[in-house]
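Worksheet for the structure shown next.
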Amino acid sequence: MTASDMLSTLRAELDAIDDEILALIERRLAASAAIAEAKGSAGDSLLKLRPRRQAEVVARLQSRAGRAPAVAIAAIWRELMAHTLQGQARTEIVLCAAERSELLEARVRLHFGAAFPLAWAEDRAEVLRRARDEEAIAVLVEPLAAGEAAPLTVFDVVRGTDGEAVAYAIGRVAPEDALTGPDGGAPEWTPASWRSHPAQQMPVYPDASALASVEEQLAATPPLVGFAQIGALRSALAEVARGRAFLLQGGDCAESFAEFSAEKVRRDERLLLGMGNIIADGGLGVVHVARAAGQFAKPRSQRWESEAGLTLPSYRGDAVNGRAFTSFSRTPEPERLLEAHRQSQATLALLAAFRLAERSQPPVYASHEALLLHYEQALTRRDPETGRHWAGSGHMVWVGERTRSLDGAHVAYASGIANPIGLKCGPSLAPETLLRLIERLDPANEPGRLVLIGRFGADRVGESLAPLMRAARRAGSNAIWAIDPMHGNGTNVAGVKTRRLSDILVETAAFFDIAAAEGVHAGGIHLEMSGSDVTECLGGRCGIGEADLSRRYLSHCDPRLNPAQALEIATKVAALIGKSAERRADAA
Ligand SMILES: O=C(O)C(=O)C[C@]1(C(=O)O)C=C[C@@H](O)C=C1
Ligand SMILES: [Mn+2]
């Protein structure tokens, strides 16, 4: 084939694709005409424009995209929706002639889409009058003063490239459809707020109605943990934040449906308490938090997995899909959330029962990564006395290294719940970004609210941790610092994912040293471990060598410490806590 033949073939392919896209655009326009009718009489007093819905449409598609860049999706759908809207009702953007500038005009066109007709009114009062009486949006460089021009409200902000507000969009939009509060500030948080932010690492469920049904069923259940228990954990963590206690957090990388049993919950709880006993010898009280009762979902660096010529979605944890490499098993199934919920409930009931039987033991709280936001939203509850929301799915939840983007859905969700929040901090986190995340997740700077969990690897903790600790300390943050010495220390030995105990110990010791040098309390440790005698990590006095890895490698995801290895780390942590106390005494 000549080069020009090749070009014609490829262009024919693009023509065929464009025909399909056009047919779909036609269908989309037709479907939205029906929506306009369904909006019915409310449309007389309200604009047909639904800014929040538009943001959700874009965010959902961005979350599903493979190759398509997020900005491209935003630009294409903004224009599509601008046209659908104009099809429903011709909607003008009215600006003030006195505020006329090319920059403002360009920003407004970019923000709303080129399909909007622009109009200029004489003065501010006239702009607002038209927004009140006509199918029009007012765009003004000053937001509304309190009580000015009711029933109009600010519903969106037009920003410059630097993120600064350049103008405010004002119109007849219901508060629940607005992207800002009535004054142009942040909108009131709701459990669904995350939906207008791009969500990374979330499953793409092929069956939307099955998902909706599962969400409804979960929303009708009592919360797995109560608001008062959240408060108790926050008080315990406040002691950690003040340097008077230590957080011990640990459990499976991923819980599995098949492994669940009362004996397993018991073994894991025994191990956590045993470690706590050892750590307490260092001289600090211990707060016990299990990675359990909801730790069923995993972020993955690869969306797809290939085997023998077959490419299928990656396994994302039992709450999402199955491990078996078949198309059936790898398809995300929302009903799995119900099983995850049932097992979480059983685990929490068992932990509570153990405590009733042994009242002398300290409480064991439960934690998991808040990854599956449909599940988290459905289990979010509101305390009627304080009006505060909390995640009813577990006492503490964390935001992972792969989902901690400042404007992402996971941070948006976590920002509004009252639970203690963990934030994984890896080598790619810049100090300025950390400060903005702290501001977002802990604006009131409450001791016990936020736990920063460093995870760098033995070779990188030295360069990465100090700048982050220093930035947080200088900003006066009360956030707790803890170390996860597992996730930065993955290594591959003869095709098996493992971790060396020696690396884990080096990163742990470095954490204490750096904290001491920065004048920060080394507040906790976060481990992946099992109460069962697994052979997944190398080394330790139990002497697990490379040949042992295949013996009892049971993890569904990352390699865990076995009880002997975990207790060895606890002993080391107790010694490091003791040493920190001595250093402080010497300095005093
Ligand atoms: O969902 C709606 O309410 C629509 O009218 C459809 C649509 C769209 O094209 O997706 C169009 C205009 C609205 O601003 C929001 C979304
Ligand atoms: Mn893990």
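Lettering and numbering for the structure tokens are positional, with chains as A, B, ... in the shown order, residues counted from 1 in each chain, and ligands counted from 1 in the shown order.
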Select from range 99-265 of chain A everything DSSP, run on the backbone, classes as helix (DSSP H, G or I), then give the selection as an mmCIF file with C-alpha atoms, in the first residue's frame.
data_model
loop_
_atom_site.group_PDB
_atom_site.id
_atom_site.type_symbol
_atom_site.label_atom_id
_atom_site.label_comp_id
_atom_site.auth_asym_id
_atom_site.auth_seq_id
_atom_site.Cartn_x
_atom_site.Cartn_y
_atom_site.Cartn_z
ATOM 1 C CA GLU A 99 -17.176 46.144 32.878
ATOM 2 C CA GLU A 102 -11.697 41.379 26.063
ATOM 3 C CA LEU A 103 -10.226 39.228 28.783
ATOM 4 C CA LEU A 104 -13.553 38.920 30.577
ATOM 5 C CA GLU A 105 -15.343 38.139 27.330
ATOM 6 C CA ALA A 106 -12.820 35.436 26.422
ATOM 7 C CA ARG A 107 -13.021 33.876 29.892
ATOM 8 C CA VAL A 108 -16.814 33.837 29.825
ATOM 9 C CA ARG A 109 -16.929 32.170 26.395
ATOM 10 C CA LEU A 110 -14.411 29.578 27.503
ATOM 11 C CA HIS A 111 -16.286 28.909 30.723
ATOM 12 C CA PHE A 112 -19.812 28.534 29.359
ATOM 13 C CA ARG A 124 -25.528 46.492 36.867
ATOM 14 C CA ALA A 125 -29.216 47.024 37.714
ATOM 15 C CA GLU A 126 -30.222 46.356 34.127
ATOM 16 C CA VAL A 127 -28.051 43.201 33.945
ATOM 17 C CA LEU A 128 -29.762 41.889 37.079
ATOM 18 C CA ARG A 129 -33.211 42.866 35.842
ATOM 19 C CA ARG A 130 -32.696 40.803 32.712
ATOM 20 C CA ALA A 131 -31.453 37.816 34.705
ATOM 21 C CA ARG A 132 -34.616 38.100 36.823
ATOM 22 C CA ASP A 133 -37.163 38.595 34.043
ATOM 23 C CA PRO A 175 -29.420 26.137 45.610
ATOM 24 C CA GLU A 176 -29.039 22.363 45.094
ATOM 25 C CA ASP A 177 -28.147 22.981 41.428
ATOM 26 C CA SER A 193 -20.784 16.793 46.533
ATOM 27 C CA TRP A 194 -17.989 14.493 45.291
ATOM 28 C CA ARG A 195 -19.991 13.785 42.151
ATOM 29 C CA SER A 196 -19.119 17.109 40.593
ATOM 30 C CA ALA A 208 -26.331 1.907 36.277
ATOM 31 C CA SER A 209 -29.730 0.773 37.523
ATOM 32 C CA ALA A 210 -28.204 -2.118 39.508
ATOM 33 C CA LEU A 211 -25.861 0.409 41.127
ATOM 34 C CA ALA A 212 -28.743 2.729 41.963
ATOM 35 C CA SER A 213 -30.647 -0.147 43.570
ATOM 36 C CA VAL A 214 -27.628 -1.124 45.702
ATOM 37 C CA GLU A 215 -27.104 2.483 46.770
ATOM 38 C CA GLU A 216 -30.739 2.646 47.818
ATOM 39 C CA GLN A 217 -30.477 -0.553 49.851
ATOM 40 C CA LEU A 218 -27.316 0.638 51.617
ATOM 41 C CA ALA A 219 -28.840 4.031 52.332
ATOM 42 C CA PHE A 227 -21.398 9.320 65.759
ATOM 43 C CA ALA A 228 -20.442 8.959 69.440
ATOM 44 C CA GLN A 229 -17.797 6.336 68.594
ATOM 45 C CA ILE A 230 -16.333 8.672 65.993
ATOM 46 C CA GLY A 231 -16.108 11.292 68.710
ATOM 47 C CA ALA A 232 -14.372 8.837 71.059
ATOM 48 C CA LEU A 233 -11.747 7.997 68.440
ATOM 49 C CA ARG A 234 -11.225 11.675 67.713
ATOM 50 C CA SER A 235 -10.621 12.349 71.397
ATOM 51 C CA ALA A 236 -8.157 9.448 71.559
ATOM 52 C CA LEU A 237 -6.354 10.765 68.479
ATOM 53 C CA ALA A 238 -6.304 14.276 69.936
ATOM 54 C CA GLU A 239 -4.052 12.794 72.630
ATOM 55 C CA VAL A 240 -1.784 11.498 69.867
ATOM 56 C CA ALA A 241 -1.763 14.946 68.263
ATOM 57 C CA ALA A 262 -14.811 -15.094 63.206
ATOM 58 C CA GLU A 263 -11.471 -16.810 63.892
ATOM 59 C CA LYS A 264 -9.714 -14.521 61.436
ATOM 60 C CA VAL A 265 -11.186 -11.397 63.022
#
With only C-alpha atoms as the counted atoms, please give the residues lying no more than 12 Å from Ser555 in chain A, apart from itself and same-chain residues fewer than 6 positions off, as a PDB file with C-alpha atoms, in the first residue's frame.
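Written file, result30.pdb:
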ATOM      1  CA  GLY A 251      -4.414  -5.200  59.068  1.00  0.00           C
ATOM      2  CA  ASP A 252      -4.867  -6.720  55.648  1.00  0.00           C
ATOM      3  CA  CYS A 253      -3.904  -4.883  52.510  1.00  0.00           C
ATOM      4  CA  ALA A 254      -7.233  -6.078  51.184  1.00  0.00           C
ATOM      5  CA  GLU A 255      -9.860  -8.046  53.032  1.00  0.00           C
ATOM      6  CA  SER A 256     -11.285 -10.915  51.031  1.00  0.00           C
ATOM      7  CA  ALA A 258     -13.493 -15.945  51.067  1.00  0.00           C
ATOM      8  CA  GLU A 259     -11.125 -15.432  53.996  1.00  0.00           C
ATOM      9  CA  GLY A 317     -10.796  -5.824  45.398  1.00  0.00           C
ATOM     10  CA  ARG A 323      -9.877 -12.125  41.005  1.00  0.00           C
ATOM     11  CA  VAL A 496       6.691 -12.473  43.573  1.00  0.00           C
ATOM     12  CA  LYS A 497       5.641  -9.168  45.150  1.00  0.00           C
ATOM     13  CA  THR A 498       7.310  -8.921  48.537  1.00  0.00           C
ATOM     14  CA  GLU A 528      -0.098  -4.369  56.478  1.00  0.00           C
ATOM     15  CA  MET A 529      -0.115  -7.544  58.532  1.00  0.00           C
ATOM     16  CA  SER A 530      -2.021 -10.707  59.237  1.00  0.00           C
ATOM     17  CA  SER A 532      -2.177 -15.770  60.334  1.00  0.00           C
ATOM     18  CA  ASP A 533       1.245 -17.261  59.811  1.00  0.00           C
ATOM     19  CA  VAL A 534       1.770 -16.056  56.252  1.00  0.00           C
ATOM     20  CA  THR A 535       5.045 -15.990  54.319  1.00  0.00           C
ATOM     21  CA  GLU A 536       4.694 -12.848  52.253  1.00  0.00           C
ATOM     22  CA  CYS A 537       7.434 -10.511  53.546  1.00  0.00           C
ATOM     23  CA  LEU A 549       7.523 -17.085  49.887  1.00  0.00           C
ATOM     24  CA  LEU A 561       3.798  -9.146  57.845  1.00  0.00           C
ATOM     25  CA  ASN A 562       3.170 -12.341  59.781  1.00  0.00           C
TER      26      ASN A 562
END
Go through chain A residue by residue and, counting only C-alpha atoms and all ligand atoms, keep those with an atom at most 9 Å from ligand 1; for each kept residue give the shortest atom pair and its distance in Å to one decimal, ordered by chain and increasing number, as a Markdown table.
| residue | atom | partner | partner_atom_place_in_ligand_line | distance |
| --- | --- | --- | --- | --- |
| A:Arg28 | CA | ligand 1 | 9 (O) | 7.5 |
| A:Leu29 | CA | ligand 1 | 9 (O) | 7.6 |
| A:Ala31 | CA | ligand 1 | 6 (C) | 8.4 |
| A:Ser32 | CA | ligand 1 | 6 (C) | 5.4 |
| A:Ala33 | CA | ligand 1 | 5 (O) | 7.9 |
| A:Ala34 | CA | ligand 1 | 5 (O) | 8.8 |
| A:Ile35 | CA | ligand 1 | 5 (O) | 5.7 |
| A:Ala36 | CA | ligand 1 | 5 (O) | 6.0 |
| A:Ala38 | CA | ligand 1 | 3 (O) | 8.9 |
| A:Lys39 | CA | ligand 1 | 3 (O) | 7.5 |
| A:Leu47 | CA | ligand 1 | 14 (O) | 8.7 |
| A:Lys48 | CA | ligand 1 | 14 (O) | 6.3 |
| A:Leu49 | CA | ligand 1 | 14 (O) | 3.7 |
| A:Arg50 | CA | ligand 1 | 14 (O) | 3.8 |
| A:Pro51 | CA | ligand 1 | 14 (O) | 5.5 |
| A:Arg52 | CA | ligand 1 | 15 (C) | 7.8 |
| A:Arg53 | CA | ligand 1 | 15 (C) | 5.3 |
| A:Gln54 | CA | ligand 1 | 15 (C) | 4.9 |
| A:Ala55 | CA | ligand 1 | 15 (C) | 8.6 |
| A:Val57 | CA | ligand 1 | 10 (O) | 6.7 |
| A:Trp77 | CA | ligand 1 | 9 (O) | 8.0 |
| A:Arg78 | CA | ligand 1 | 9 (O) | 8.4 |
| A:Leu80 | CA | ligand 1 | 9 (O) | 6.4 |
| A:Met81 | CA | ligand 1 | 9 (O) | 3.7 |
| A:Ala82 | CA | ligand 1 | 12 (C) | 6.7 |
| A:His83 | CA | ligand 1 | 9 (O) | 7.5 |
| A:Thr84 | CA | ligand 1 | 9 (O) | 4.9 |
| A:Leu85 | CA | ligand 1 | 12 (C) | 4.5 |
| A:Gln86 | CA | ligand 1 | 12 (C) | 8.3 |
| A:Gly87 | CA | ligand 1 | 11 (C) | 8.9 |
| A:Gln88 | CA | ligand 1 | 5 (O) | 7.3 |
Keeping only N, CA and C atoms, take the residues you just selected and write them out as a tab-separated table (two decimals), in the first residue's frame.
chain	number	residue	atom	x	y	z
A	28	ARG	N	-28.55	12.70	21.32
A	28	ARG	CA	-28.43	13.42	22.58
A	28	ARG	C	-29.32	14.65	22.59
A	29	LEU	N	-29.33	15.38	21.46
A	29	LEU	CA	-30.17	16.58	21.37
A	29	LEU	C	-31.65	16.21	21.49
A	31	ALA	N	-32.95	13.58	23.00
A	31	ALA	CA	-33.26	13.14	24.37
A	31	ALA	C	-33.39	14.34	25.29
A	32	SER	N	-32.60	15.38	25.05
A	32	SER	CA	-32.65	16.50	25.98
A	32	SER	C	-33.88	17.37	25.75
A	33	ALA	N	-34.46	17.27	24.55
A	33	ALA	CA	-35.71	18.01	24.33
A	33	ALA	C	-36.77	17.46	25.28
A	34	ALA	N	-36.76	16.13	25.46
A	34	ALA	CA	-37.72	15.51	26.38
A	34	ALA	C	-37.46	15.96	27.81
A	35	ILE	N	-36.18	16.14	28.16
A	35	ILE	CA	-35.83	16.61	29.52
A	35	ILE	C	-36.41	18.00	29.76
A	36	ALA	N	-36.34	18.84	28.75
A	36	ALA	CA	-36.86	20.20	28.90
A	36	ALA	C	-38.33	20.16	29.29
A	38	ALA	N	-39.83	17.64	30.81
A	38	ALA	CA	-39.95	17.09	32.16
A	38	ALA	C	-39.66	18.16	33.21
A	39	LYS	N	-38.82	19.14	32.87
A	39	LYS	CA	-38.53	20.21	33.84
A	39	LYS	C	-39.78	21.04	34.06
A	47	LEU	N	-34.16	28.81	35.54
A	47	LEU	CA	-33.51	28.60	34.24
A	47	LEU	C	-33.54	27.11	33.90
A	48	LYS	N	-33.42	26.83	32.60
A	48	LYS	CA	-33.27	25.41	32.21
A	48	LYS	C	-31.85	24.92	32.56
A	49	LEU	N	-30.93	25.85	32.72
A	49	LEU	CA	-29.54	25.52	33.03
A	49	LEU	C	-29.44	24.83	34.40
A	50	ARG	N	-28.67	23.73	34.44
A	50	ARG	CA	-28.41	23.02	35.70
A	50	ARG	C	-26.90	22.88	35.87
A	51	PRO	N	-26.25	23.86	36.48
A	51	PRO	CA	-24.77	23.85	36.54
A	51	PRO	C	-24.21	22.63	37.25
A	52	ARG	N	-24.84	22.18	38.32
A	52	ARG	CA	-24.27	21.04	39.03
A	52	ARG	C	-24.36	19.77	38.20
A	53	ARG	N	-25.50	19.61	37.54
A	53	ARG	CA	-25.65	18.44	36.68
A	53	ARG	C	-24.56	18.43	35.60
A	54	GLN	N	-24.31	19.61	35.03
A	54	GLN	CA	-23.27	19.69	34.00
A	54	GLN	C	-21.90	19.29	34.55
A	55	ALA	N	-21.60	19.76	35.74
A	55	ALA	CA	-20.31	19.41	36.36
A	55	ALA	C	-20.23	17.91	36.62
A	57	VAL	N	-21.83	15.55	34.90
A	57	VAL	CA	-21.68	14.87	33.60
A	57	VAL	C	-20.20	14.84	33.23
A	77	TRP	N	-17.72	18.45	26.10
A	77	TRP	CA	-19.06	18.32	26.69
A	77	TRP	C	-19.65	19.66	27.12
A	78	ARG	N	-18.77	20.59	27.48
A	78	ARG	CA	-19.29	21.93	27.79
A	78	ARG	C	-20.01	22.47	26.55
A	80	LEU	N	-21.18	20.71	23.97
A	80	LEU	CA	-22.38	19.90	23.68
A	80	LEU	C	-23.55	20.34	24.55
A	81	MET	N	-23.28	20.51	25.83
A	81	MET	CA	-24.36	20.83	26.76
A	81	MET	C	-24.85	22.27	26.55
A	82	ALA	N	-23.93	23.13	26.14
A	82	ALA	CA	-24.37	24.49	25.84
A	82	ALA	C	-25.39	24.46	24.70
A	83	HIS	N	-25.13	23.60	23.70
A	83	HIS	CA	-26.07	23.49	22.58
A	83	HIS	C	-27.39	22.84	23.00
A	84	THR	N	-27.30	21.80	23.83
A	84	THR	CA	-28.55	21.18	24.31
A	84	THR	C	-29.38	22.23	25.04
A	85	LEU	N	-28.71	22.98	25.88
A	85	LEU	CA	-29.43	23.99	26.64
A	85	LEU	C	-30.10	25.00	25.71
A	86	GLN	N	-29.36	25.49	24.73
A	86	GLN	CA	-29.95	26.47	23.80
A	86	GLN	C	-31.14	25.85	23.07
A	87	GLY	N	-31.07	24.51	22.84
A	87	GLY	CA	-32.21	23.82	22.21
A	87	GLY	C	-33.42	23.80	23.13
A	88	GLN	N	-33.18	23.74	24.42
A	88	GLN	CA	-34.29	23.71	25.39
A	88	GLN	C	-34.90	25.10	25.56
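Each of A:Leu247, A:Arg583, A:Ser360, A:Gly540 was compared to Ala517 in chain A using only C-alpha atoms, and A:Arg583 turns out to be the nearest.
When only C-alpha atoms are used to compute distances to Ser367 in chain A, the closest of the residues A:Arg242, A:Arg404, A:His526, A:Arg460 turns out to be A:His526.
For the set A:Ser477, A:Thr326, A:Gln295, A:Ser550, the residue with the smallest atom-to-atom gap to Met396 in chain A is A:Gln295, counting only C-alpha atoms.
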**Study point:** For CA of Asp268 in chain A and CA of Arg291 in chain A, the interatomic separation in Å (one decimal)
**Key:** 9.6 Å
Practice item. For Leu152 in chain A, please output as an NGL selection string all residues within 8 Å (counting only C-alpha atoms; exclusion window: fewer than 3 positions along the same chain). Key: :A and (131-132 or 149 or 170-173)
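Distances here use only C-alpha atoms and all ligand atoms; by that measure, the residue among A:Ala297, A:Ile483, A:Ala349, A:Leu14 closest to ligand 2 is A:Ala297.
The gap separating CA of Thr221 in chain A from CA of Arg388 in chain A is 18.6 Å, in Å to one decimal.
Proximity of A:Arg470, A:Glu135, A:Gly519, A:Ala570 to Gly250 in chain A, computed with only C-alpha atoms, is greatest for A:Ala570.
Taking CA of Asp558 in chain A and CA of Ala509 in chain A as endpoints, the distance between them is 22.0 Å.
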Exercise for review: Tell me which of A:Gly400, A:Pro431, A:Pro313, A:Gly408 sits closest to ligand 2, counting only C-alpha atoms and all ligand atoms.
Suggested key: A:Gly400
Point to revise | Backbone-only DSSP, strand (DSSP E) members of range 295-339 of chain A, as JSON, numbers by chain | key: {"A": [304, 305, 306, 307, 310, 311, 312, 313]}
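Excluding Leu351 in chain A and any residue on its chain fewer than 6 positions from it, the residues at most 9 Å away by only C-alpha atoms are Val265, Arg266, Glu269, Pro363, Val364 and Tyr365 of chain A.
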